[in-house]
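Source file run-v3.txt; content: compact mmCIF, C-alpha atoms and all ligand atoms.
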```txt
# COMPACT_ATOMS: atom_id res chain seq x y z
CA MET A 1 -14.55 -10.86 8.41
CA THR A 2 -14.44 -7.63 10.38
CA ARG A 3 -13.76 -4.29 8.74
CA ASP A 4 -10.41 -4.06 10.53
CA GLU A 5 -8.91 -7.31 9.39
CA CYS A 6 -6.84 -7.24 6.21
CA LYS A 7 -7.47 -10.41 4.21
CA PHE A 8 -7.67 -8.78 0.80
CA PHE A 9 -4.59 -9.17 -1.43
CA VAL A 10 -5.84 -8.15 -4.87
CA PRO A 11 -3.46 -5.84 -6.80
CA GLY A 12 -6.10 -3.11 -6.96
CA PRO A 13 -8.43 -2.20 -5.51
CA THR A 14 -6.48 -2.71 -2.29
CA TRP A 15 -7.53 -3.04 1.33
CA VAL A 16 -8.73 0.26 2.82
CA ARG A 17 -8.21 1.18 6.47
CA PRO A 18 -11.49 1.56 8.42
CA ALA A 19 -10.52 5.14 9.39
CA ILE A 20 -10.40 6.04 5.69
CA LEU A 21 -13.79 4.46 4.99
CA GLN A 22 -15.11 6.50 7.90
CA GLU A 23 -13.76 9.75 6.38
CA MET A 24 -15.83 9.12 3.29
CA THR A 25 -19.10 9.28 5.22
CA ARG A 26 -18.70 12.93 6.26
CA PRO A 27 -21.43 15.41 5.24
CA MET A 28 -21.16 17.21 1.91
CA ILE A 29 -19.68 20.67 1.37
CA GLY A 30 -20.07 22.75 -1.77
CA HIS A 31 -17.19 22.38 -4.20
CA ARG A 32 -17.06 26.16 -4.65
CA SER A 33 -16.96 26.80 -0.89
CA THR A 34 -14.08 28.14 1.21
CA GLU A 35 -13.92 24.78 3.03
CA PHE A 36 -13.44 22.94 -0.22
CA ARG A 37 -10.78 25.39 -1.41
CA GLU A 38 -8.82 24.76 1.80
CA LEU A 39 -9.21 21.01 1.44
CA PHE A 40 -8.14 21.18 -2.20
CA ARG A 41 -5.09 23.37 -1.55
CA GLY A 42 -3.88 21.04 1.20
CA ILE A 43 -4.18 18.03 -1.12
CA VAL A 44 -2.43 19.70 -4.05
CA SER A 45 0.48 20.76 -1.84
CA ASP A 46 0.82 17.30 -0.24
CA LEU A 47 0.86 15.70 -3.69
CA LYS A 48 4.08 17.56 -4.50
CA PRO A 49 6.34 15.55 -2.15
CA LEU A 50 4.50 12.38 -3.17
CA PHE A 51 5.54 12.92 -6.80
CA ALA A 52 8.76 14.70 -5.78
CA THR A 53 7.83 17.70 -7.90
CA GLN A 54 7.55 21.48 -7.70
CA GLN A 55 5.37 21.52 -10.81
CA GLU A 56 1.59 21.23 -11.23
CA THR A 57 -0.26 18.53 -9.26
CA LEU A 58 -3.94 17.85 -9.96
CA VAL A 59 -6.82 15.56 -9.05
CA MET A 60 -9.34 14.23 -11.56
CA THR A 61 -12.56 12.40 -10.71
CA CYS A 62 -12.13 9.33 -12.92
CA SER A 63 -10.10 6.13 -12.91
CA GLY A 64 -6.48 5.87 -14.09
CA THR A 65 -7.39 4.72 -17.60
CA ALA A 66 -9.16 8.03 -18.17
CA VAL A 67 -5.96 9.93 -17.35
CA MET A 68 -4.03 7.75 -19.82
CA GLU A 69 -6.49 8.99 -22.42
CA ALA A 70 -6.22 12.56 -21.07
CA ALA A 71 -2.42 12.47 -21.33
CA LEU A 72 -2.63 11.48 -24.99
CA VAL A 73 -5.37 14.00 -25.78
CA ASN A 74 -3.38 16.87 -24.23
CA CYS A 75 0.15 15.96 -25.29
CA VAL A 76 0.10 14.11 -28.60
CA SER A 77 -0.97 15.68 -31.89
CA ARG A 78 0.33 13.03 -34.19
CA ARG A 79 2.88 10.37 -33.40
CA LEU A 80 3.60 8.34 -30.28
CA LEU A 81 5.83 5.50 -29.11
CA VAL A 82 4.38 3.04 -26.60
CA THR A 83 6.74 0.79 -24.63
CA THR A 84 5.13 -2.46 -23.47
CA CYS A 85 5.93 -5.36 -21.16
CA GLY A 86 2.46 -6.58 -20.15
CA ALA A 87 -1.27 -5.86 -20.26
CA PHE A 88 -1.36 -2.40 -18.68
CA SER A 89 1.48 -0.95 -20.75
CA GLU A 90 -0.34 -2.33 -23.83
CA ARG A 91 -3.45 -0.38 -22.82
CA TRP A 92 -1.67 2.82 -23.91
CA PHE A 93 -1.46 1.33 -27.41
CA SER A 94 -5.17 0.58 -27.73
CA ILE A 95 -6.13 4.02 -26.38
CA ALA A 96 -3.77 5.69 -28.87
CA GLU A 97 -5.28 3.67 -31.72
CA SER A 98 -8.81 4.58 -30.63
CA LEU A 99 -7.82 8.27 -30.81
CA GLY A 100 -6.53 7.81 -34.37
CA LEU A 101 -2.91 8.56 -33.45
CA GLU A 102 0.07 7.16 -35.34
CA VAL A 103 1.48 4.77 -32.81
CA ASP A 104 4.58 2.58 -32.74
CA LYS A 105 5.26 -0.10 -30.16
CA LEU A 106 8.49 -1.22 -28.53
CA GLU A 107 7.79 -4.57 -26.91
CA ALA A 108 9.54 -6.37 -24.10
CA GLU A 109 8.69 -9.96 -23.27
CA TRP A 110 6.10 -10.49 -20.50
CA GLY A 111 7.93 -10.82 -17.19
CA LYS A 112 10.85 -8.68 -18.35
CA PRO A 113 11.31 -4.92 -18.05
CA VAL A 114 11.61 -2.53 -21.01
CA ASP A 115 15.29 -2.37 -21.94
CA ALA A 116 16.92 1.08 -22.03
CA GLU A 117 19.35 0.09 -24.76
CA ALA A 118 16.57 -1.28 -26.96
CA LEU A 119 14.71 2.00 -26.45
CA SER A 120 17.79 3.99 -27.35
CA ASN A 121 18.35 1.91 -30.50
CA HIS A 122 14.73 2.26 -31.50
CA LEU A 123 14.75 6.05 -31.10
CA ARG A 124 17.99 6.33 -33.08
CA SER A 125 17.02 4.06 -35.94
CA ARG A 126 13.54 5.50 -36.24
CA ARG A 127 14.23 9.00 -37.46
CA ALA A 128 10.58 10.07 -37.15
CA HIS A 129 9.84 12.52 -34.37
CA TYR A 130 7.64 11.33 -31.52
CA ASP A 131 5.42 13.81 -29.70
CA ALA A 132 5.62 11.53 -26.67
CA VAL A 133 6.78 8.16 -25.34
CA THR A 134 4.72 6.21 -22.81
CA LEU A 135 6.31 4.30 -19.92
CA THR A 136 4.77 2.12 -17.22
CA HIS A 137 6.52 2.33 -13.87
CA ASN A 138 5.10 -0.87 -12.44
CA GLU A 139 3.52 -3.43 -14.78
CA THR A 140 0.77 -4.86 -12.58
CA SER A 141 -0.05 -7.82 -14.85
CA THR A 142 3.46 -9.31 -14.53
CA GLY A 143 4.82 -7.79 -11.31
CA VAL A 144 7.73 -6.00 -12.99
CA THR A 145 9.10 -2.56 -12.10
CA ASN A 146 10.68 -0.61 -14.94
CA ASP A 147 13.72 1.59 -14.45
CA ILE A 148 12.01 4.88 -15.29
CA ARG A 149 15.10 6.93 -14.46
CA ALA A 150 17.16 5.10 -17.10
CA LEU A 151 14.38 5.01 -19.71
CA ALA A 152 13.58 8.71 -19.27
CA ARG A 153 17.26 9.61 -19.62
CA VAL A 154 17.45 7.77 -22.95
CA ILE A 155 14.41 9.68 -24.24
CA ARG A 156 15.82 13.03 -23.07
CA ASP A 157 19.20 12.29 -24.66
CA GLU A 158 17.49 11.77 -28.01
CA SER A 159 15.08 14.70 -27.97
CA ALA A 160 14.26 17.60 -25.69
CA GLU A 161 10.75 17.94 -27.15
CA THR A 162 9.48 14.40 -26.79
CA LEU A 163 7.21 14.29 -23.73
CA ILE A 164 7.50 11.43 -21.24
CA LEU A 165 4.13 10.06 -20.08
CA VAL A 166 4.32 7.70 -17.12
CA ASP A 167 1.70 5.36 -15.69
CA ALA A 168 2.53 5.09 -11.97
CA VAL A 169 -0.85 3.59 -11.02
CA SER A 170 0.54 0.67 -9.04
CA SER A 171 3.81 2.28 -7.90
CA LEU A 172 3.05 5.75 -6.50
CA ALA A 173 3.36 5.75 -2.69
CA GLY A 174 4.82 2.23 -2.78
CA ILE A 175 7.95 2.53 -4.95
CA PRO A 176 10.17 5.66 -5.08
CA LEU A 177 9.47 8.01 -7.98
CA PHE A 178 11.06 11.40 -8.73
CA PHE A 179 9.03 13.41 -11.23
CA ASP A 180 11.30 16.47 -11.49
CA GLU A 181 14.65 14.73 -11.14
CA TRP A 182 13.75 12.14 -13.79
CA GLY A 183 12.39 14.81 -16.14
CA LEU A 184 8.88 13.38 -16.51
CA ASP A 185 5.99 15.29 -18.14
CA VAL A 186 2.80 13.52 -17.10
CA CYS A 187 2.61 10.97 -14.30
CA PHE A 188 -0.55 9.65 -12.64
CA ALA A 189 -2.00 7.09 -10.27
CA SER A 190 -5.56 6.14 -9.52
CA VAL A 191 -5.99 5.99 -5.76
CA GLN A 192 -7.13 2.37 -5.29
CA LYS A 193 -3.62 0.90 -5.42
CA GLY A 194 -0.60 2.25 -3.53
CA ILE A 195 -2.56 5.14 -2.03
CA ALA A 196 -5.11 2.66 -0.63
CA LEU A 197 -8.37 4.57 -1.04
CA PRO A 198 -11.55 3.20 -2.58
CA PRO A 199 -11.47 3.61 -6.41
CA GLY A 200 -12.86 6.76 -8.04
CA ILE A 201 -10.26 9.50 -8.42
CA THR A 202 -6.80 9.86 -9.96
CA VAL A 203 -3.91 12.10 -8.90
CA LEU A 204 -1.41 13.44 -11.41
CA ALA A 205 1.62 15.62 -11.94
CA VAL A 206 1.97 17.67 -15.13
CA SER A 207 5.14 19.49 -16.20
CA GLN A 208 5.29 23.07 -17.50
CA GLN A 209 6.37 21.62 -20.83
CA ALA A 210 3.29 19.39 -20.98
CA LEU A 211 1.03 22.36 -20.21
CA ALA A 212 2.77 24.35 -22.95
CA ARG A 213 2.21 21.46 -25.36
CA ALA A 214 -1.48 21.24 -24.41
CA ALA A 215 -1.86 24.94 -25.21
CA LYS A 216 -0.83 24.16 -28.80
CA VAL A 217 -3.28 21.29 -29.23
CA PRO A 218 -6.44 22.94 -30.62
CA TYR A 219 -9.12 20.38 -29.62
CA ARG A 220 -8.52 18.86 -26.19
CA GLY A 221 -12.13 18.05 -25.46
CA THR A 222 -13.67 19.35 -22.25
CA TYR A 223 -13.56 16.90 -19.34
CA PHE A 224 -9.92 15.93 -19.85
CA ASP A 225 -8.50 19.35 -20.71
CA PHE A 226 -5.43 19.85 -18.50
CA LEU A 227 -5.58 23.63 -18.97
CA ARG A 228 -9.09 23.80 -17.50
CA TYR A 229 -7.86 21.84 -14.47
CA LYS A 230 -4.85 24.12 -14.14
CA LYS A 231 -7.03 27.26 -14.34
CA SER A 232 -9.45 25.91 -11.71
CA ALA A 233 -6.58 24.75 -9.50
CA ASP A 234 -5.18 28.29 -9.50
CA GLU A 235 -8.54 29.35 -8.08
CA GLY A 236 -8.54 26.53 -5.50
CA GLY A 237 -10.81 23.99 -7.14
CA VAL A 238 -11.70 21.71 -10.03
CA PRO A 239 -13.75 22.41 -13.19
CA SER A 240 -16.80 20.24 -12.38
CA THR A 241 -18.26 18.52 -9.31
CA PRO A 242 -15.62 16.13 -7.92
CA SER A 243 -16.10 13.05 -5.74
CA ILE A 244 -16.01 15.06 -2.50
CA PRO A 245 -15.86 11.97 -0.21
CA HIS A 246 -12.64 10.96 -1.98
CA PHE A 247 -11.17 14.40 -1.34
CA TYR A 248 -11.87 14.03 2.40
CA ALA A 249 -10.20 10.63 2.41
CA LEU A 250 -7.27 11.69 0.25
CA ALA A 251 -6.39 14.61 2.53
CA VAL A 252 -6.28 12.33 5.57
CA GLN A 253 -4.38 9.61 3.73
CA LEU A 254 -1.72 12.00 2.37
CA ASP A 255 -1.18 13.27 5.90
CA HIS A 256 -0.77 9.67 7.07
CA ILE A 257 1.64 8.76 4.24
CA LEU A 258 3.85 11.86 4.55
CA ARG A 259 3.76 12.65 8.28
CA GLY A 260 2.45 9.48 9.92
CA GLU A 261 4.15 6.47 8.36
CA THR A 262 6.53 8.66 6.23
CA LEU A 263 7.43 7.87 2.63
CA ASP A 264 10.77 6.20 3.41
CA ALA A 265 9.20 3.78 5.90
CA ARG A 266 6.40 3.08 3.43
CA PHE A 267 8.88 2.22 0.67
CA ARG A 268 10.80 -0.03 3.07
CA ARG A 269 7.60 -1.81 4.15
CA HIS A 270 6.81 -2.55 0.50
CA GLU A 271 10.30 -3.96 -0.07
CA THR A 272 9.90 -6.14 3.01
CA MET A 273 6.57 -7.42 1.64
CA ARG A 274 8.16 -8.26 -1.73
CA GLU A 275 11.03 -10.18 -0.11
CA LEU A 276 8.70 -12.04 2.26
CA THR A 277 6.36 -13.02 -0.56
CA ILE A 278 9.09 -14.27 -2.87
CA ARG A 279 10.92 -16.16 -0.12
CA ARG A 280 7.86 -17.77 1.43
CA THR A 281 6.33 -18.95 -1.88
CA ALA A 282 9.52 -20.32 -3.47
CA LYS A 283 8.85 -23.93 -2.42
CA TYR A 284 5.58 -24.26 -4.33
CA ALA A 285 5.54 -21.51 -6.97
CA LYS A 286 7.88 -20.01 -9.53
CA LEU A 287 8.30 -16.25 -9.58
CA ALA A 288 6.83 -15.30 -12.97
CA SER A 289 8.81 -12.08 -13.33
CA ASP A 290 12.48 -11.29 -13.68
CA ARG A 291 13.94 -11.43 -10.11
CA ALA A 292 16.05 -8.31 -10.46
CA HIS A 293 12.99 -6.26 -11.44
CA ALA A 294 10.44 -7.94 -9.18
CA SER A 295 7.88 -5.42 -8.00
CA ALA A 296 7.58 -4.24 -4.40
CA THR A 297 3.79 -3.89 -4.77
CA VAL A 298 2.63 -7.05 -6.60
CA THR A 299 4.03 -10.54 -7.15
CA ALA A 300 2.94 -12.79 -10.04
CA LEU A 301 3.48 -16.48 -9.31
CA ALA A 302 3.28 -19.62 -11.44
CA PRO A 303 2.36 -22.33 -8.90
CA VAL A 304 2.91 -26.07 -9.18
CA LYS A 305 -0.78 -26.67 -8.42
CA ASP A 306 -3.67 -25.16 -10.39
CA SER A 307 -3.81 -21.45 -9.63
CA GLU A 308 -7.61 -21.15 -9.72
CA GLU A 309 -7.88 -24.03 -7.25
CA ILE A 310 -5.44 -22.28 -4.92
CA ARG A 311 -7.43 -19.07 -5.13
CA SER A 312 -10.73 -20.78 -4.39
CA GLU A 313 -9.26 -22.70 -1.44
CA MET A 314 -7.88 -19.42 -0.08
CA LYS A 315 -11.27 -17.79 -0.58
CA LYS A 316 -12.81 -20.49 1.64
CA ARG A 317 -10.39 -19.37 4.34
CA GLY A 318 -11.44 -15.77 3.87
CA PHE A 319 -8.44 -14.59 1.83
CA THR A 320 -8.85 -12.94 -1.57
CA LEU A 321 -5.90 -13.15 -3.98
CA GLY A 322 -5.58 -11.71 -7.49
CA GLY A 323 -6.01 -13.88 -10.57
CA GLY A 324 -3.62 -14.06 -13.50
CA TYR A 325 -4.02 -11.31 -16.07
CA GLY A 326 -4.19 -11.31 -19.88
CA GLN A 327 -2.04 -13.98 -21.50
CA TRP A 328 -0.93 -15.17 -18.03
CA LYS A 329 -4.51 -15.68 -16.82
CA ALA A 330 -4.47 -19.48 -16.74
CA THR A 331 -0.93 -20.05 -15.48
CA THR A 332 -0.40 -17.48 -12.74
CA PHE A 333 -2.03 -15.80 -9.77
CA ARG A 334 -1.04 -12.52 -8.19
CA ILE A 335 -0.52 -11.34 -4.65
CA GLY A 336 -1.11 -7.64 -4.24
CA HIS A 337 1.01 -6.31 -1.37
CA MET A 338 0.52 -2.60 -1.82
CA GLY A 339 -1.05 0.28 0.03
CA ASP A 340 -1.68 0.01 3.75
CA ILE A 341 -1.40 -3.78 4.13
CA PRO A 342 0.33 -4.56 7.45
CA VAL A 343 3.32 -6.92 7.13
CA ALA A 344 1.79 -9.13 9.85
CA SER A 345 -1.39 -9.57 7.78
CA LEU A 346 0.69 -10.60 4.78
CA GLU A 347 2.50 -13.16 6.94
CA THR A 348 -0.78 -14.61 8.20
CA MET A 349 -1.98 -14.94 4.60
CA LEU A 350 1.32 -16.57 3.53
CA ASP A 351 0.94 -19.14 6.36
CA ALA A 352 -2.46 -20.15 4.96
CA LEU A 353 -1.21 -20.07 1.38
CA GLU A 354 1.61 -22.45 2.24
CA GLU A 355 -0.89 -25.03 3.53
CA VAL A 356 -3.12 -24.64 0.49
CA ALA A 357 -0.50 -24.52 -2.25
CA ARG A 358 1.91 -27.20 -1.00
CA ALA A 359 -0.53 -30.01 -0.34
C1 LIG B 401 -4.88 -0.73 -12.38
C2 LIG B 401 -3.96 -0.18 -13.40
C3 LIG B 401 -4.41 0.66 -14.44
C4 LIG B 401 -5.86 0.96 -14.63
O1 LIG B 401 -6.29 1.87 -13.69
P1 LIG B 401 -7.85 2.14 -13.48
O2 LIG B 401 -7.86 3.06 -12.31
O3 LIG B 401 -8.47 0.80 -13.23
O4 LIG B 401 -8.37 2.74 -14.74
C5 LIG B 401 -3.50 1.19 -15.31
N1 LIG B 401 -2.20 0.91 -15.20
C6 LIG B 401 -1.70 0.12 -14.24
C7 LIG B 401 -0.24 -0.12 -14.16
C8 LIG B 401 -2.57 -0.45 -13.30
O5 LIG B 401 -2.09 -1.24 -12.34
```
Would you put the structure from the file into structure tokens?
Amino acid sequence: MTRDECKFFVPGPTWVRPAILQEMTRPMIGHRSTEFRELFRGIVSDLKPLFATQQETLVMTCSGTAVMEAALVNCVSRRLLVTTCGAFSERWFSIAESLGLEVDKLEAEWGKPVDAEALSNHLRSRRAHYDAVTLTHNETSTGVTNDIRALARVIRDESAETLILVDAVSSLAGIPLFFDEWGLDVCFASVQKGIALPPGITVLAVSQQALARAAKVPYRGTYFDFLRYKKSADEGGVPSTPSIPHFYALAVQLDHILRGETLDARFRRHETMRELTIRRTAKYAKLASDRAHASATVTALAPVKDSEEIRSEMKKRGFTLGGGYGQWKATTFRIGHMGDIPVASLETMLDALEEVARA
């Protein structure tokens, strides 16, 4: 396999363009230098249209899970509601428990989205105040996209003080998201999914209200303290040594997303990939998720044949597909179609998959 060919369809990490890999081999600069400050300021300003926000945008050197923990550390003093519909949304629950927070769970069935009416009923019947509610824009384990606009509106209608924390790890730059318009407070994505960089850093947007909340939380730790990041960002940098190669790559990739491909075309390409994948696999596999909420970045399929056998046959042909996740591990496999994957590469893979999965 050459570096240029895209035969990698795992729902994170995703295929990385050779030009991006090349960016990451540039020589080091000091992270307190003028060059770094320029690089940093360009990134922070390009992240604003990506999140559709005028508020604070930041970069942390860590994976997405770390920013889930950071969001809870900075925004929740006591009680939290976690909405779940699969393995990644459930991760919020285990992190909250590990921090000793009082945490309630509103569960949707795997393969279904979180229901806005159920959320509304829960918030009304449960008179206790929640410091925050967690939402997951795109549930990568099941291939379901939640209606964050509707869910956020329900939360805002119930309480102006409850913060809305959104995992957009596998949606940002692939599925439209409007941080300010939807009234979100913390939203983040590690870069190895829709942004299509190697794993290692996470980008986030933080509202003024979330920063104000953090200021009232007495012990926020050190590495994850949003206010330290905000203070450093105002000076054009980050609190401790970042993964500088990722910053090089991120600057180039944001330029590509916003001014090369453009966001609208990128969203359309992802929708095309979803429709192609669902249509071309229908003869030999059942879509595991609710059709109306099927994700534009990842498709979970329950095939007629054994899914591990399909994956190993595909591997022999040079194609890597994602396995099933969590409770769907044995019965499904997943096709990641996010990031920079060309539609033509997806079609080539689907041709091979048809031969393997139908026989
Ligand atoms: C991949 C993923 C995560 C975990 O992100 P890491 O960067 O691996 O920590 C969290 N949430 C969702 C929805 C994901 O797809």
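Using only C-alpha atoms, the residues found no farther than 8 Å from region 276-278 of chain A, other than those of its own chain fewer than 3 positions away, are Thr272, Met273, Thr281, Ala282, Leu287, Thr299, Glu347 and Leu350 of chain A.
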Selected residues, C-alpha atoms, written as a compact mmCIF listing (two decimals), keeping the file's coordinate frame, please.
```txt
# COMPACT_ATOMS: atom_id res chain seq x y z
CA THR A 272 9.90 -6.14 3.01
CA MET A 273 6.57 -7.42 1.64
CA THR A 281 6.33 -18.95 -1.88
CA ALA A 282 9.52 -20.32 -3.47
CA LEU A 287 8.30 -16.25 -9.58
CA THR A 299 4.03 -10.54 -7.15
CA GLU A 347 2.50 -13.16 6.94
CA LEU A 350 1.32 -16.57 3.53
```
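The smallest atom-to-atom distance between Leu99 (chain A) and any of A:Ser240, A:Leu177, A:Gly221, A:Arg124, using all atoms listed in the file, is found for A:Gly221.
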Residue with smallest distance to Val133 (chain A) - pool A:Thr145, A:Ser159, A:Ser77, A:Thr83, counting only C-alpha atoms: A:Thr83
7 Å contact set for region 61-67 of chain A, only C-alpha atoms, chain neighbours under 5 positions out, as a PDB file with C-alpha atoms, in the frame of the given file:
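Below is the file that was written, out.pdb:
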```pdb
ATOM      1  CA  VAL A 169      -0.850   3.590 -11.020  1.00  0.00           C
ATOM      2  CA  ALA A 189      -2.000   7.090 -10.270  1.00  0.00           C
ATOM      3  CA  SER A 190      -5.560   6.140  -9.520  1.00  0.00           C
ATOM      4  CA  GLY A 200     -12.860   6.760  -8.040  1.00  0.00           C
ATOM      5  CA  ILE A 201     -10.260   9.500  -8.420  1.00  0.00           C
ATOM      6  CA  THR A 202      -6.800   9.860  -9.960  1.00  0.00           C
ATOM      7  CA  PRO A 242     -15.620  16.130  -7.920  1.00  0.00           C
ATOM      8  CA  SER A 243     -16.100  13.050  -5.740  1.00  0.00           C
TER       9      SER A 243
END
```
Contacts between ligand LIG 401 (chain B) and chain A, please, where a residue of chain A counts if it comes within 10 Å (with only C-alpha atoms and all ligand atoms); show its shortest atom pair and distance in Å to one decimal, rows by chain and ascending number, as CSV.
```
residue,atom,partner,partner_atom,distance
A:Pro11,CA,B:LIG401,O5,7.3
A:Gly12,CA,B:LIG401,C1,6.0
A:Pro13,CA,B:LIG401,C1,7.9
A:Cys62,CA,B:LIG401,O2,7.6
A:Ser63,CA,B:LIG401,O2,3.8
A:Gly64,CA,B:LIG401,O2,3.6
A:Thr65,CA,B:LIG401,O4,3.6
A:Ala66,CA,B:LIG401,O4,6.4
A:Val67,CA,B:LIG401,O4,8.0
A:Met68,CA,B:LIG401,C5,8.0
A:Gly86,CA,B:LIG401,C7,9.2
A:Ala87,CA,B:LIG401,C7,8.4
A:Phe88,CA,B:LIG401,N1,4.9
A:Ser89,CA,B:LIG401,C7,6.9
A:Glu90,CA,B:LIG401,N1,9.4
A:Arg91,CA,B:LIG401,C5,7.7
A:Trp92,CA,B:LIG401,N1,8.9
A:Leu135,CA,B:LIG401,C7,9.8
A:Thr136,CA,B:LIG401,C7,6.3
A:His137,CA,B:LIG401,C7,7.2
A:Asn138,CA,B:LIG401,C7,5.7
A:Glu139,CA,B:LIG401,C7,5.0
A:Thr140,CA,B:LIG401,O5,4.6
A:Ser141,CA,B:LIG401,O5,7.3
A:Thr142,CA,B:LIG401,C7,9.9
A:Gly143,CA,B:LIG401,O5,9.6
A:Val144,CA,B:LIG401,C7,10.0
A:Thr145,CA,B:LIG401,C7,9.9
A:Val166,CA,B:LIG401,C7,9.5
A:Asp167,CA,B:LIG401,N1,5.9
A:Ala168,CA,B:LIG401,C7,6.3
A:Val169,CA,B:LIG401,C6,4.8
A:Ser170,CA,B:LIG401,O5,4.6
A:Ser171,CA,B:LIG401,C7,7.8
A:Phe188,CA,B:LIG401,N1,9.3
A:Ala189,CA,B:LIG401,O2,7.4
A:Ser190,CA,B:LIG401,O2,4.7
A:Val191,CA,B:LIG401,O2,7.4
A:Gln192,CA,B:LIG401,O2,7.1
A:Lys193,CA,B:LIG401,C1,7.3
A:Gly194,CA,B:LIG401,O5,9.6
A:Pro199,CA,B:LIG401,O2,6.9
A:Gly200,CA,B:LIG401,O2,7.5
A:Ile201,CA,B:LIG401,O2,7.9
A:Thr202,CA,B:LIG401,O2,7.3
A:Thr297,CA,B:LIG401,O5,9.9
A:Val298,CA,B:LIG401,O5,9.4
```
Can you write just those residues out, C-alpha atoms, as a PDB file, in the frame of the given file?
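Contents of the output file selection09.pdb:
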```pdb
ATOM      1  CA  PRO A  11      -3.460  -5.840  -6.800  1.00  0.00           C
ATOM      2  CA  GLY A  12      -6.100  -3.110  -6.960  1.00  0.00           C
ATOM      3  CA  PRO A  13      -8.430  -2.200  -5.510  1.00  0.00           C
ATOM      4  CA  CYS A  62     -12.130   9.330 -12.920  1.00  0.00           C
ATOM      5  CA  SER A  63     -10.100   6.130 -12.910  1.00  0.00           C
ATOM      6  CA  GLY A  64      -6.480   5.870 -14.090  1.00  0.00           C
ATOM      7  CA  THR A  65      -7.390   4.720 -17.600  1.00  0.00           C
ATOM      8  CA  ALA A  66      -9.160   8.030 -18.170  1.00  0.00           C
ATOM      9  CA  VAL A  67      -5.960   9.930 -17.350  1.00  0.00           C
ATOM     10  CA  MET A  68      -4.030   7.750 -19.820  1.00  0.00           C
ATOM     11  CA  GLY A  86       2.460  -6.580 -20.150  1.00  0.00           C
ATOM     12  CA  ALA A  87      -1.270  -5.860 -20.260  1.00  0.00           C
ATOM     13  CA  PHE A  88      -1.360  -2.400 -18.680  1.00  0.00           C
ATOM     14  CA  SER A  89       1.480  -0.950 -20.750  1.00  0.00           C
ATOM     15  CA  GLU A  90      -0.340  -2.330 -23.830  1.00  0.00           C
ATOM     16  CA  ARG A  91      -3.450  -0.380 -22.820  1.00  0.00           C
ATOM     17  CA  TRP A  92      -1.670   2.820 -23.910  1.00  0.00           C
ATOM     18  CA  LEU A 135       6.310   4.300 -19.920  1.00  0.00           C
ATOM     19  CA  THR A 136       4.770   2.120 -17.220  1.00  0.00           C
ATOM     20  CA  HIS A 137       6.520   2.330 -13.870  1.00  0.00           C
ATOM     21  CA  ASN A 138       5.100  -0.870 -12.440  1.00  0.00           C
ATOM     22  CA  GLU A 139       3.520  -3.430 -14.780  1.00  0.00           C
ATOM     23  CA  THR A 140       0.770  -4.860 -12.580  1.00  0.00           C
ATOM     24  CA  SER A 141      -0.050  -7.820 -14.850  1.00  0.00           C
ATOM     25  CA  THR A 142       3.460  -9.310 -14.530  1.00  0.00           C
ATOM     26  CA  GLY A 143       4.820  -7.790 -11.310  1.00  0.00           C
ATOM     27  CA  VAL A 144       7.730  -6.000 -12.990  1.00  0.00           C
ATOM     28  CA  THR A 145       9.100  -2.560 -12.100  1.00  0.00           C
ATOM     29  CA  VAL A 166       4.320   7.700 -17.120  1.00  0.00           C
ATOM     30  CA  ASP A 167       1.700   5.360 -15.690  1.00  0.00           C
ATOM     31  CA  ALA A 168       2.530   5.090 -11.970  1.00  0.00           C
ATOM     32  CA  VAL A 169      -0.850   3.590 -11.020  1.00  0.00           C
ATOM     33  CA  SER A 170       0.540   0.670  -9.040  1.00  0.00           C
ATOM     34  CA  SER A 171       3.810   2.280  -7.900  1.00  0.00           C
ATOM     35  CA  PHE A 188      -0.550   9.650 -12.640  1.00  0.00           C
ATOM     36  CA  ALA A 189      -2.000   7.090 -10.270  1.00  0.00           C
ATOM     37  CA  SER A 190      -5.560   6.140  -9.520  1.00  0.00           C
ATOM     38  CA  VAL A 191      -5.990   5.990  -5.760  1.00  0.00           C
ATOM     39  CA  GLN A 192      -7.130   2.370  -5.290  1.00  0.00           C
ATOM     40  CA  LYS A 193      -3.620   0.900  -5.420  1.00  0.00           C
ATOM     41  CA  GLY A 194      -0.600   2.250  -3.530  1.00  0.00           C
ATOM     42  CA  PRO A 199     -11.470   3.610  -6.410  1.00  0.00           C
ATOM     43  CA  GLY A 200     -12.860   6.760  -8.040  1.00  0.00           C
ATOM     44  CA  ILE A 201     -10.260   9.500  -8.420  1.00  0.00           C
ATOM     45  CA  THR A 202      -6.800   9.860  -9.960  1.00  0.00           C
ATOM     46  CA  THR A 297       3.790  -3.890  -4.770  1.00  0.00           C
ATOM     47  CA  VAL A 298       2.630  -7.050  -6.600  1.00  0.00           C
TER      48      VAL A 298
END
```
Interatomic distance, CA of Val103 (chain A) to CA of Leu80 (chain A) (Å, one decimal): 4.9 Å
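Minimum distance to Val16 (chain A) across A:Leu227, A:Ile195, A:Glu275, A:Trp110 (counting all atoms listed in the file) occurs at A:Ile195.
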Nearest-residue call for Lys231 (chain A), choices A:Asp264, A:Glu56, A:Glu97, A:Asp4, using all atoms listed in the file: A:Glu56
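Note that the spacing between CA of Glu181 (chain A) and CA of Leu165 (chain A) amounts to 14.6 Å.
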